Amino acid sequence: DPIFSPKTVAVVGASRSRDSIGWSIVHNMIEAQFSGAIYPVNPKATAIHSLKCYATLRDIPDAIDLAVITVPRSHVQGVVEEAIALGVRAFVVITAGYGETGAEGRALEAKLRATIRAAGARMIGPNCMGVINTDAAVSLNATFAPTPATAGSVGFVSQSGALGVAILNVAAQLGIGLTQFVSMGNKADVSGNDLVEFWENDPETRVMCMY
């Protein structure tokens with residue numbers, strides 16, 4: 001629930017550069033009119049997309065439900081540990097360079113998963129594109145996809161970010177709406193199986209599509 005229906009989202013690695021993932025995620029959340037509060041985190045900026053920016057997670061005055069992480073791989077483990085210490089229990093790790101890159105990446109991914117699970121937290125990713133929830137009460141688009149999803153009755157999960165973008169484009173062209181969209185990436189923690197169990201109890205999701 002904190003992944004799909006957060007009331008507060010921290011974007012760690014938010015950026016003022018318009019060609020960056022950190023900027024695109026903040027932009028998409030604003031454009032989707034997210035119902036909660038967005039907290040950009042970047043020690044080198046005072047404001048991003050007209051939102052007050054915070055140097056670290058510790059500086060944010062409110063409790064954070066979901067942390068979306070786009071920092072370089074060398075900083076991810078430290079950010080996750082800091083977030084867990086602050087009570088964060090939901091993560092979307094966009095950053096790549098893990099199990100898909102070889103033995104070193106697999107070891108770092110295993111450490112990240114162990115940290116997440118020891119805290120009783122859940123994680124989408126790493127190496128993913130993010131998540132969307134079109135529920136009007138949430139309106140969350142925590143992805144860097146160029147095409148947003150419209151509301152409908154299809155839950156879609158894709159391991160591949162590139163195919164996820166293609167599906168969002170085709171869905172928009174065909175007028176097919178989604179309840180939720182998930183780019184899984186490396187599936188270190190949350191998998192397609194978890195989403196099937198989640199969606200089968202969701203009255204709004206009538207069709208589940210998986211790649």
# chains A, B, ... in the order shown; residues from 1 in each chain; ligands from 1

$ residues_around --residues "segment 129-146 of chain A" --least-positions-apart "2" --cutoff "8 Å" --atoms "only C-alpha atoms" --output "ChimeraX atom specification"
/A:4-6,21,24-26,28-29,32-36,68,92-94,124-125,127,148-152,161,165,178-185

$ write_last_selection --atoms "N, CA, C and O atoms" --output "short mmCIF file (atom, residue, chain, number, x, y, z; two decimals), in the first residue's frame"
data_model
loop_
_atom_site.label_atom_id
_atom_site.label_comp_id
_atom_site.auth_asym_id
_atom_site.auth_seq_id
_atom_site.Cartn_x
_atom_site.Cartn_y
_atom_site.Cartn_z
N PHE A 4 1.86 2.06 -3.66
CA PHE A 4 0.84 2.50 -4.60
C PHE A 4 -0.02 3.65 -4.08
O PHE A 4 -0.60 4.38 -4.87
N SER A 5 -0.14 3.79 -2.77
CA SER A 5 -1.03 4.81 -2.21
C SER A 5 -0.33 5.64 -1.14
O SER A 5 -0.83 5.78 -0.02
N PRO A 6 0.84 6.19 -1.46
CA PRO A 6 1.55 7.00 -0.46
C PRO A 6 0.90 8.37 -0.29
O PRO A 6 0.28 8.89 -1.21
N ILE A 21 16.70 11.83 -15.22
CA ILE A 21 15.62 11.02 -14.66
C ILE A 21 15.07 11.67 -13.40
O ILE A 21 13.85 11.70 -13.16
N SER A 24 12.61 14.27 -14.43
CA SER A 24 11.42 13.72 -15.07
C SER A 24 10.44 13.13 -14.07
O SER A 24 9.22 13.28 -14.22
N ILE A 25 10.95 12.47 -13.04
CA ILE A 25 10.06 11.86 -12.04
C ILE A 25 9.29 12.93 -11.29
O ILE A 25 8.07 12.83 -11.11
N VAL A 26 9.98 13.98 -10.85
CA VAL A 26 9.29 15.07 -10.15
C VAL A 26 8.28 15.72 -11.09
O VAL A 26 7.13 15.98 -10.70
N ASN A 28 6.70 14.42 -13.70
CA ASN A 28 5.56 13.53 -13.95
C ASN A 28 4.62 13.46 -12.75
O ASN A 28 3.40 13.37 -12.91
N MET A 29 5.18 13.51 -11.54
CA MET A 29 4.33 13.49 -10.36
C MET A 29 3.49 14.76 -10.26
O MET A 29 2.30 14.71 -9.92
N ALA A 32 0.79 14.73 -13.04
CA ALA A 32 -0.30 13.80 -12.72
C ALA A 32 -1.18 14.33 -11.60
O ALA A 32 -2.21 13.74 -11.28
N GLN A 33 -0.76 15.43 -10.99
CA GLN A 33 -1.48 16.04 -9.87
C GLN A 33 -1.58 15.07 -8.69
O GLN A 33 -2.67 14.81 -8.17
N PHE A 34 -0.41 14.55 -8.29
CA PHE A 34 -0.33 13.66 -7.14
C PHE A 34 -1.05 14.28 -5.94
O PHE A 34 -0.89 15.47 -5.64
N SER A 35 -1.86 13.47 -5.28
CA SER A 35 -2.72 13.98 -4.21
C SER A 35 -1.98 14.27 -2.90
O SER A 35 -2.50 14.94 -2.02
N GLY A 36 -0.76 13.73 -2.78
CA GLY A 36 0.00 13.93 -1.55
C GLY A 36 1.07 14.98 -1.69
O GLY A 36 0.99 15.88 -2.53
N VAL A 68 11.55 7.29 -3.64
CA VAL A 68 11.94 6.97 -5.01
C VAL A 68 13.39 7.39 -5.16
O VAL A 68 13.73 8.56 -4.96
N VAL A 92 11.13 2.60 -4.32
CA VAL A 92 11.25 2.35 -5.75
C VAL A 92 12.66 2.77 -6.13
O VAL A 92 12.99 3.97 -6.09
N VAL A 93 13.50 1.80 -6.45
CA VAL A 93 14.91 2.08 -6.76
C VAL A 93 15.07 2.08 -8.28
O VAL A 93 15.08 1.03 -8.92
N ILE A 94 15.19 3.29 -8.84
CA ILE A 94 15.34 3.46 -10.28
C ILE A 94 16.75 3.11 -10.72
O ILE A 94 16.97 2.58 -11.82
N ILE A 124 10.42 -1.97 -5.17
CA ILE A 124 10.34 -2.19 -6.61
C ILE A 124 11.71 -1.87 -7.18
O ILE A 124 12.29 -0.84 -6.88
N GLY A 125 12.23 -2.75 -8.06
CA GLY A 125 13.54 -2.51 -8.66
C GLY A 125 14.60 -3.42 -8.05
O GLY A 125 14.27 -4.46 -7.50
N ASN A 127 16.95 -0.89 -10.97
CA ASN A 127 17.02 -0.89 -12.43
C ASN A 127 15.63 -0.91 -13.03
O ASN A 127 15.32 -1.72 -13.90
N PRO A 148 1.95 9.25 -19.99
CA PRO A 148 1.25 8.87 -18.76
C PRO A 148 0.19 7.81 -19.05
O PRO A 148 -0.17 7.56 -20.21
N ALA A 149 -0.32 7.20 -18.00
CA ALA A 149 -1.42 6.24 -18.13
C ALA A 149 -2.73 6.95 -17.81
O ALA A 149 -2.77 7.84 -16.97
N THR A 150 -3.80 6.53 -18.48
CA THR A 150 -5.13 7.01 -18.12
C THR A 150 -5.81 5.95 -17.27
O THR A 150 -5.42 4.79 -17.26
N ALA A 151 -6.84 6.35 -16.55
CA ALA A 151 -7.53 5.42 -15.64
C ALA A 151 -8.33 4.39 -16.41
O ALA A 151 -8.93 4.69 -17.45
N GLY A 152 -8.33 3.16 -15.91
CA GLY A 152 -9.08 2.08 -16.54
C GLY A 152 -9.12 0.87 -15.64
O GLY A 152 -9.12 1.02 -14.42
N GLY A 161 11.70 -1.96 -18.97
CA GLY A 161 11.27 -0.58 -19.02
C GLY A 161 10.92 -0.14 -20.43
O GLY A 161 9.95 0.58 -20.65
N VAL A 165 7.33 1.34 -21.71
CA VAL A 165 7.07 2.60 -22.42
C VAL A 165 6.24 2.34 -23.67
O VAL A 165 5.29 3.07 -23.96
N LEU A 178 -5.48 2.03 -17.44
CA LEU A 178 -4.84 1.14 -16.47
C LEU A 178 -5.25 1.53 -15.05
O LEU A 178 -5.55 2.69 -14.78
N THR A 179 -5.26 0.54 -14.16
CA THR A 179 -5.39 0.86 -12.74
C THR A 179 -4.01 1.21 -12.21
O THR A 179 -3.81 2.27 -11.62
N GLN A 180 -3.07 0.32 -12.45
CA GLN A 180 -1.71 0.52 -11.99
C GLN A 180 -0.73 -0.02 -13.03
O GLN A 180 -1.05 -0.94 -13.79
N PHE A 181 0.44 0.58 -13.05
CA PHE A 181 1.52 0.16 -13.95
C PHE A 181 2.78 0.02 -13.12
O PHE A 181 3.08 0.89 -12.29
N VAL A 182 3.51 -1.07 -13.34
CA VAL A 182 4.74 -1.30 -12.58
C VAL A 182 5.85 -1.74 -13.53
O VAL A 182 5.69 -2.70 -14.28
N SER A 183 6.95 -1.03 -13.50
CA SER A 183 8.18 -1.48 -14.16
C SER A 183 9.03 -2.17 -13.11
O SER A 183 9.46 -1.54 -12.14
N MET A 184 9.25 -3.48 -13.27
CA MET A 184 9.85 -4.29 -12.21
C MET A 184 11.37 -4.23 -12.17
O MET A 184 11.98 -4.44 -11.13
N GLY A 185 12.01 -4.02 -13.33
CA GLY A 185 13.46 -4.07 -13.37
C GLY A 185 13.99 -5.42 -12.95
O GLY A 185 13.57 -6.46 -13.47
#

$ residues_around --residues "Arg206 of chain A" --least-positions-apart "2" --cutoff "12 Å" --atoms "only C-alpha atoms" --output "PDB file with N, CA, C and O atoms, in the first residue's frame"
ATOM      1  N   GLY A 152      -8.327   3.161 -15.915  1.00  0.00           N
ATOM      2  CA  GLY A 152      -9.077   2.080 -16.543  1.00  0.00           C
ATOM      3  C   GLY A 152      -9.123   0.875 -15.636  1.00  0.00           C
ATOM      4  O   GLY A 152      -9.115   1.018 -14.416  1.00  0.00           O
ATOM      5  N   SER A 153      -9.106  -0.316 -16.214  1.00  0.00           N
ATOM      6  CA  SER A 153      -9.298  -1.531 -15.417  1.00  0.00           C
ATOM      7  C   SER A 153      -8.191  -2.570 -15.604  1.00  0.00           C
ATOM      8  O   SER A 153      -8.343  -3.714 -15.206  1.00  0.00           O
ATOM      9  N   VAL A 154      -7.070  -2.177 -16.219  1.00  0.00           N
ATOM     10  CA  VAL A 154      -5.979  -3.116 -16.489  1.00  0.00           C
ATOM     11  C   VAL A 154      -4.800  -2.832 -15.557  1.00  0.00           C
ATOM     12  O   VAL A 154      -4.332  -1.696 -15.465  1.00  0.00           O
ATOM     13  N   GLY A 155      -4.329  -3.862 -14.862  1.00  0.00           N
ATOM     14  CA  GLY A 155      -3.081  -3.781 -14.117  1.00  0.00           C
ATOM     15  C   GLY A 155      -1.977  -4.342 -14.994  1.00  0.00           C
ATOM     16  O   GLY A 155      -2.090  -5.463 -15.494  1.00  0.00           O
ATOM     17  N   PHE A 156      -0.914  -3.580 -15.207  1.00  0.00           N
ATOM     18  CA  PHE A 156       0.154  -4.038 -16.116  1.00  0.00           C
ATOM     19  C   PHE A 156       1.499  -4.015 -15.411  1.00  0.00           C
ATOM     20  O   PHE A 156       1.880  -3.008 -14.801  1.00  0.00           O
ATOM     21  N   GLY A 177      -7.297   2.084 -20.561  1.00  0.00           N
ATOM     22  CA  GLY A 177      -6.886   2.642 -19.282  1.00  0.00           C
ATOM     23  C   GLY A 177      -6.337   1.595 -18.338  1.00  0.00           C
ATOM     24  O   GLY A 177      -6.675   0.406 -18.420  1.00  0.00           O
ATOM     25  N   LEU A 178      -5.477   2.027 -17.445  1.00  0.00           N
ATOM     26  CA  LEU A 178      -4.841   1.139 -16.472  1.00  0.00           C
ATOM     27  C   LEU A 178      -5.247   1.529 -15.054  1.00  0.00           C
ATOM     28  O   LEU A 178      -5.550   2.695 -14.781  1.00  0.00           O
ATOM     29  N   THR A 179      -5.263   0.536 -14.162  1.00  0.00           N
ATOM     30  CA  THR A 179      -5.385   0.856 -12.741  1.00  0.00           C
ATOM     31  C   THR A 179      -4.010   1.214 -12.207  1.00  0.00           C
ATOM     32  O   THR A 179      -3.811   2.272 -11.623  1.00  0.00           O
ATOM     33  N   GLN A 180      -3.072   0.318 -12.452  1.00  0.00           N
ATOM     34  CA  GLN A 180      -1.706   0.523 -11.993  1.00  0.00           C
ATOM     35  C   GLN A 180      -0.729  -0.020 -13.029  1.00  0.00           C
ATOM     36  O   GLN A 180      -1.049  -0.939 -13.787  1.00  0.00           O
ATOM     37  N   VAL A 196       0.236 -10.091  -8.702  1.00  0.00           N
ATOM     38  CA  VAL A 196      -0.962 -10.893  -8.977  1.00  0.00           C
ATOM     39  C   VAL A 196      -1.794 -11.036  -7.707  1.00  0.00           C
ATOM     40  O   VAL A 196      -3.021 -10.873  -7.718  1.00  0.00           O
ATOM     41  N   TRP A 199      -3.367  -7.549  -6.956  1.00  0.00           N
ATOM     42  CA  TRP A 199      -4.426  -7.135  -7.882  1.00  0.00           C
ATOM     43  C   TRP A 199      -5.660  -8.033  -7.816  1.00  0.00           C
ATOM     44  O   TRP A 199      -6.761  -7.588  -8.118  1.00  0.00           O
ATOM     45  N   GLU A 200      -5.494  -9.290  -7.427  1.00  0.00           N
ATOM     46  CA  GLU A 200      -6.676 -10.159  -7.406  1.00  0.00           C
ATOM     47  C   GLU A 200      -7.663  -9.724  -6.329  1.00  0.00           C
ATOM     48  O   GLU A 200      -8.838 -10.062  -6.380  1.00  0.00           O
ATOM     49  N   ASN A 201      -7.195  -8.930  -5.361  1.00  0.00           N
ATOM     50  CA  ASN A 201      -8.069  -8.404  -4.313  1.00  0.00           C
ATOM     51  C   ASN A 201      -8.444  -6.944  -4.557  1.00  0.00           C
ATOM     52  O   ASN A 201      -9.047  -6.309  -3.689  1.00  0.00           O
ATOM     53  N   ASP A 202      -8.088  -6.436  -5.741  1.00  0.00           N
ATOM     54  CA  ASP A 202      -8.408  -5.046  -6.077  1.00  0.00           C
ATOM     55  C   ASP A 202      -9.645  -5.032  -6.973  1.00  0.00           C
ATOM     56  O   ASP A 202      -9.589  -5.502  -8.109  1.00  0.00           O
ATOM     57  N   PRO A 203     -10.784  -4.494  -6.491  1.00  0.00           N
ATOM     58  CA  PRO A 203     -12.020  -4.524  -7.278  1.00  0.00           C
ATOM     59  C   PRO A 203     -11.937  -3.721  -8.574  1.00  0.00           C
ATOM     60  O   PRO A 203     -12.705  -3.969  -9.499  1.00  0.00           O
ATOM     61  N   GLU A 204     -11.000  -2.772  -8.655  1.00  0.00           N
ATOM     62  CA  GLU A 204     -10.899  -1.953  -9.861  1.00  0.00           C
ATOM     63  C   GLU A 204     -10.110  -2.639 -10.968  1.00  0.00           C
ATOM     64  O   GLU A 204     -10.245  -2.308 -12.147  1.00  0.00           O
ATOM     65  N   MET A 208      -5.252  -8.536 -15.613  1.00  0.00           N
ATOM     66  CA  MET A 208      -3.841  -8.424 -15.268  1.00  0.00           C
ATOM     67  C   MET A 208      -3.001  -8.797 -16.483  1.00  0.00           C
ATOM     68  O   MET A 208      -3.191  -9.866 -17.064  1.00  0.00           O
ATOM     69  N   CYS A 209      -2.086  -7.917 -16.863  1.00  0.00           N
ATOM     70  CA  CYS A 209      -1.184  -8.183 -17.979  1.00  0.00           C
ATOM     71  C   CYS A 209       0.246  -8.188 -17.461  1.00  0.00           C
ATOM     72  O   CYS A 209       0.635  -7.304 -16.692  1.00  0.00           O
TER      73      CYS A 209
END

$ closest_residue --among "A:Ala85, A:Gly97, A:Pro43, A:Pro126" --to "Arg113 of chain A" --atoms "only C-alpha atoms"
A:Pro126

$ closest_residue --among "A:Thr115, A:Thr147, A:Ser15, A:Thr70" --to "Ser50 of chain A" --atoms "only C-alpha atoms"
A:Ser15
